[in-house]
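Since the structure comes first, as structure tokens, the remarks are kept for the end.
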Amino acid sequence: MELKASNGHYESRPAKESDPVSAKAEWQKRLLAELGDLLARFGFSFVAARRSFHKPTPVCWQSIHLAIVQHPADFDVVVDAAVRLDVIQARIGGATDRRGHQATIGCEYGNLLGTGQHRWTVAAASDVDSVARDILKACESTLFHFLETYSDLETVYETLMREDQYARLLMPLEDVRKAIVVAAEAAMK
């Protein structure tokens, strides 16, 4: 309790609650730690600088990435999955991809389902566990399959070659999509 003067009289009030920004930062840390533990069973490790969970494979890396959308009292989490095929990126990556950070193909979870962007909301510390479990369910039901499917050069080539709405969803940049197709075709020869 703190004492506050009001019209010459002192009254007691509850002490100031903790800073909501600090609370949200703590919830984010807990969420990332819990997801790290859950995804480690599947070979993913956390890359803090990218707010992603990466899994190396012999031909690529696979990534589960979290975007955090801040609001005054809470935050939303948007999850996407991406694959980097080294043979493609070696051909098209150039100077901007020296450190191997660029993905070849990827998509947000809700868009993969065809429902539009999906968000999980964390509005209290008690939400962290359920959001982490729900994100893991999304990984197990949809995102892991996506990562495995598009870790294959021929599948990426065939999908992007179609130039349909799904191809544009997985790689929206037309010039890059075409460069991936050309690079994949050359790599398969």
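Order determines the names: the first chain of the structure tokens is A, the second B, and so forth; residues in each chain are numbered 1 upward, and ligands are numbered 1 upward as they are shown.
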
Exercise for the section: May I have all residues of segment 83-115 of chain A that DSSP, computed from the backbone, assigns to helix (DSSP H, G or I), given as a list in words? Expected result: Asp86, Val87, Ile88, Gln89, Ala90, Arg91, Ile92, Gly94, Ala95, Thr96, Asp97, Tyr109, Gly110, Asn111, Leu112 and Leu113 of chain A

Exercise for the section: Can you pull out every residue within 12 Å of Ala25 of chain A, counting only C-alpha atoms, but drop anything in the same chain fewer than 6 positions away, and send it as a list in words? Expected result: Ser18, Asp19, Leu31, Leu32, Ile68, Gln70, Ala73, Asp74, Phe75, Val122, Ala123, Ala124, Ala125 and Val128 of chain A

Problem - For Ala67 of chain A, the nearest of the candidates A:His54, A:Arg177, A:His118, A:Arg133, counting only C-alpha atoms - result: A:His118

Fill in the blank from the handout: From the list A:Val87, A:Ala40, A:Ile105, A:Val59, the nearest residue to Leu170 of chain A using only C-alpha atoms is A:Ile105

Practice task
Give me the residues within 7 Å of Val79 of chain A as a list in words, counting only C-alpha atoms and dropping any in the same chain fewer than 2 places off.
Solution key: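 Near Val79 of chain A, the qualifying residues are Ile64, His65, Leu66, Ala67, Val77, Ala81, Glu108 and Tyr109 of chain A.
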
Using C-alpha atoms, can you export the residues from the last selection as an mmCIF file, in the first residue's frame?
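The result, written out as result.cif:
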data_model
loop_
_atom_site.group_PDB
_atom_site.id
_atom_site.type_symbol
_atom_site.label_atom_id
_atom_site.label_comp_id
_atom_site.auth_asym_id
_atom_site.auth_seq_id
_atom_site.Cartn_x
_atom_site.Cartn_y
_atom_site.Cartn_z
ATOM 1 C CA ILE A 64 8.728 -22.309 -37.592
ATOM 2 C CA HIS A 65 8.647 -18.526 -37.164
ATOM 3 C CA LEU A 66 6.605 -16.449 -34.725
ATOM 4 C CA ALA A 67 5.534 -12.875 -35.420
ATOM 5 C CA VAL A 77 1.095 -14.545 -32.197
ATOM 6 C CA ALA A 81 6.557 -22.175 -41.711
ATOM 7 C CA GLU A 108 1.481 -18.492 -42.667
ATOM 8 C CA TYR A 109 -0.550 -21.182 -40.864
#

Exercise for the section: Write down as a PyMOL selection string the residues of chain A whose backbone DSSP state falls under strand (DSSP E or B). Expected result: chain A and resi 2-6+9-13+45-47+52-56+60-70+75-85+105-108+120-122

Exercise for the section: Would you mind reading off the distance between atom CA of Arg51 of chain A and atom CA of Thr149 of chain A, one decimal, in Å? Expected result: 22.9 Å

List the spatial neighbours of Phe144 of chain A as a compact mmCIF listing (two decimals) with N, CA, C and O atoms, in the first residue's frame - criterion: any atom at most 12 Å away, only C-alpha atoms, same-chain residues fewer than 3 positions off excluded.
# COMPACT_ATOMS: atom_id res chain seq x y z
N LEU A 39 9.10 -28.05 -29.19
CA LEU A 39 9.61 -28.28 -30.55
C LEU A 39 10.96 -28.99 -30.57
O LEU A 39 11.34 -29.58 -31.58
N PHE A 42 11.15 -32.47 -31.79
CA PHE A 42 11.05 -32.68 -33.23
C PHE A 42 12.32 -32.20 -33.96
O PHE A 42 12.33 -32.10 -35.18
N GLY A 43 13.36 -31.89 -33.20
CA GLY A 43 14.64 -31.50 -33.78
C GLY A 43 14.82 -30.03 -34.03
O GLY A 43 15.80 -29.62 -34.66
N PHE A 44 13.92 -29.19 -33.55
CA PHE A 44 14.01 -27.74 -33.75
C PHE A 44 14.73 -27.09 -32.58
O PHE A 44 14.55 -27.48 -31.43
N HIS A 54 14.50 -23.48 -35.76
CA HIS A 54 15.09 -24.04 -36.98
C HIS A 54 15.45 -25.50 -36.79
O HIS A 54 15.86 -25.91 -35.71
N LYS A 55 15.32 -26.24 -37.89
CA LYS A 55 15.72 -27.64 -37.92
C LYS A 55 16.56 -27.84 -39.19
O LYS A 55 16.05 -27.67 -40.30
N GLN A 62 14.54 -26.05 -42.06
CA GLN A 62 13.11 -25.85 -41.91
C GLN A 62 12.92 -24.88 -40.75
O GLN A 62 13.69 -24.91 -39.79
N SER A 63 11.89 -24.06 -40.82
CA SER A 63 11.71 -23.04 -39.80
C SER A 63 10.24 -22.88 -39.43
O SER A 63 9.37 -22.89 -40.29
N ILE A 64 10.02 -22.75 -38.13
CA ILE A 64 8.73 -22.31 -37.59
C ILE A 64 9.01 -20.93 -37.01
O ILE A 64 9.82 -20.78 -36.09
N ASP A 80 4.29 -18.90 -38.96
CA ASP A 80 4.48 -19.33 -40.33
C ASP A 80 5.56 -20.40 -40.39
O ASP A 80 6.33 -20.56 -39.45
N ALA A 81 5.56 -21.13 -41.48
CA ALA A 81 6.56 -22.17 -41.71
C ALA A 81 7.29 -21.85 -43.00
O ALA A 81 6.69 -21.33 -43.95
N ALA A 82 8.58 -22.14 -43.03
CA ALA A 82 9.39 -21.85 -44.21
C ALA A 82 10.48 -22.90 -44.38
O ALA A 82 10.91 -23.52 -43.40
N VAL A 83 10.90 -23.07 -45.62
CA VAL A 83 11.96 -24.01 -45.97
C VAL A 83 12.99 -23.26 -46.80
O VAL A 83 12.64 -22.47 -47.68
N GLY A 106 7.55 -20.47 -48.22
CA GLY A 106 6.94 -20.45 -46.89
C GLY A 106 5.52 -19.94 -46.92
O GLY A 106 5.05 -19.43 -47.93
N TYR A 109 0.31 -20.04 -41.22
CA TYR A 109 -0.55 -21.18 -40.86
C TYR A 109 -1.99 -21.04 -41.37
O TYR A 109 -2.51 -21.92 -42.04
N LEU A 112 -2.36 -21.39 -45.04
CA LEU A 112 -2.24 -22.78 -45.48
C LEU A 112 -3.58 -23.51 -45.34
O LEU A 112 -3.92 -24.37 -46.15
N ILE A 135 -0.24 -23.95 -30.57
CA ILE A 135 0.73 -23.78 -31.66
C ILE A 135 1.38 -25.11 -31.99
O ILE A 135 1.56 -25.45 -33.17
N LEU A 136 1.70 -25.90 -30.98
CA LEU A 136 2.25 -27.24 -31.24
C LEU A 136 1.26 -28.09 -32.03
O LEU A 136 1.65 -28.79 -32.97
N LYS A 137 -0.03 -28.01 -31.69
CA LYS A 137 -1.06 -28.76 -32.44
C LYS A 137 -1.08 -28.31 -33.90
O LYS A 137 -1.22 -29.14 -34.81
N ALA A 138 -0.94 -27.01 -34.14
CA ALA A 138 -0.90 -26.51 -35.52
C ALA A 138 0.32 -27.06 -36.25
O ALA A 138 0.23 -27.41 -37.43
N CYS A 139 1.43 -27.15 -35.55
CA CYS A 139 2.64 -27.72 -36.15
C CYS A 139 2.41 -29.18 -36.51
O CYS A 139 2.71 -29.62 -37.62
N GLU A 140 1.87 -29.93 -35.57
CA GLU A 140 1.68 -31.37 -35.79
C GLU A 140 0.62 -31.66 -36.85
O GLU A 140 0.76 -32.61 -37.62
N SER A 141 -0.44 -30.85 -36.91
CA SER A 141 -1.51 -31.12 -37.87
C SER A 141 -1.23 -30.59 -39.27
O SER A 141 -1.72 -31.16 -40.25
N LEU A 147 6.45 -28.51 -44.08
CA LEU A 147 7.91 -28.46 -44.10
C LEU A 147 8.50 -29.68 -44.78
O LEU A 147 9.44 -29.56 -45.58
N GLU A 148 7.99 -30.84 -44.49
CA GLU A 148 8.50 -32.07 -45.12
C GLU A 148 8.20 -32.09 -46.62
O GLU A 148 9.05 -32.43 -47.43
N THR A 149 7.00 -31.70 -46.97
CA THR A 149 6.60 -31.69 -48.39
C THR A 149 7.50 -30.77 -49.21
O THR A 149 7.99 -31.16 -50.28
N TYR A 150 7.75 -29.57 -48.71
CA TYR A 150 8.50 -28.58 -49.48
C TYR A 150 9.99 -28.57 -49.17
O TYR A 150 10.71 -27.66 -49.59
N SER A 151 10.46 -29.62 -48.54
CA SER A 151 11.91 -29.83 -48.40
C SER A 151 12.42 -30.66 -49.57
O SER A 151 13.57 -31.08 -49.59

Problem - For Ala23 of chain A, the nearest of the candidates A:Ala179, A:His145, A:Pro72, A:Val131, counting only C-alpha atoms - result: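 Checking each of A:Ala179, A:His145, A:Pro72, A:Val131 against Ala23 of chain A, counting only C-alpha atoms, the winner is A:Pro72.
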
Practice task
Do a neighbour search on Asp76 of chain A at 6 Å with only C-alpha atoms, toss out local chain neighbours closer than 6 positions, and write the hits as JSON, numbers by chain.
Solution key: {"A": [68, 69, 119, 120, 121]}
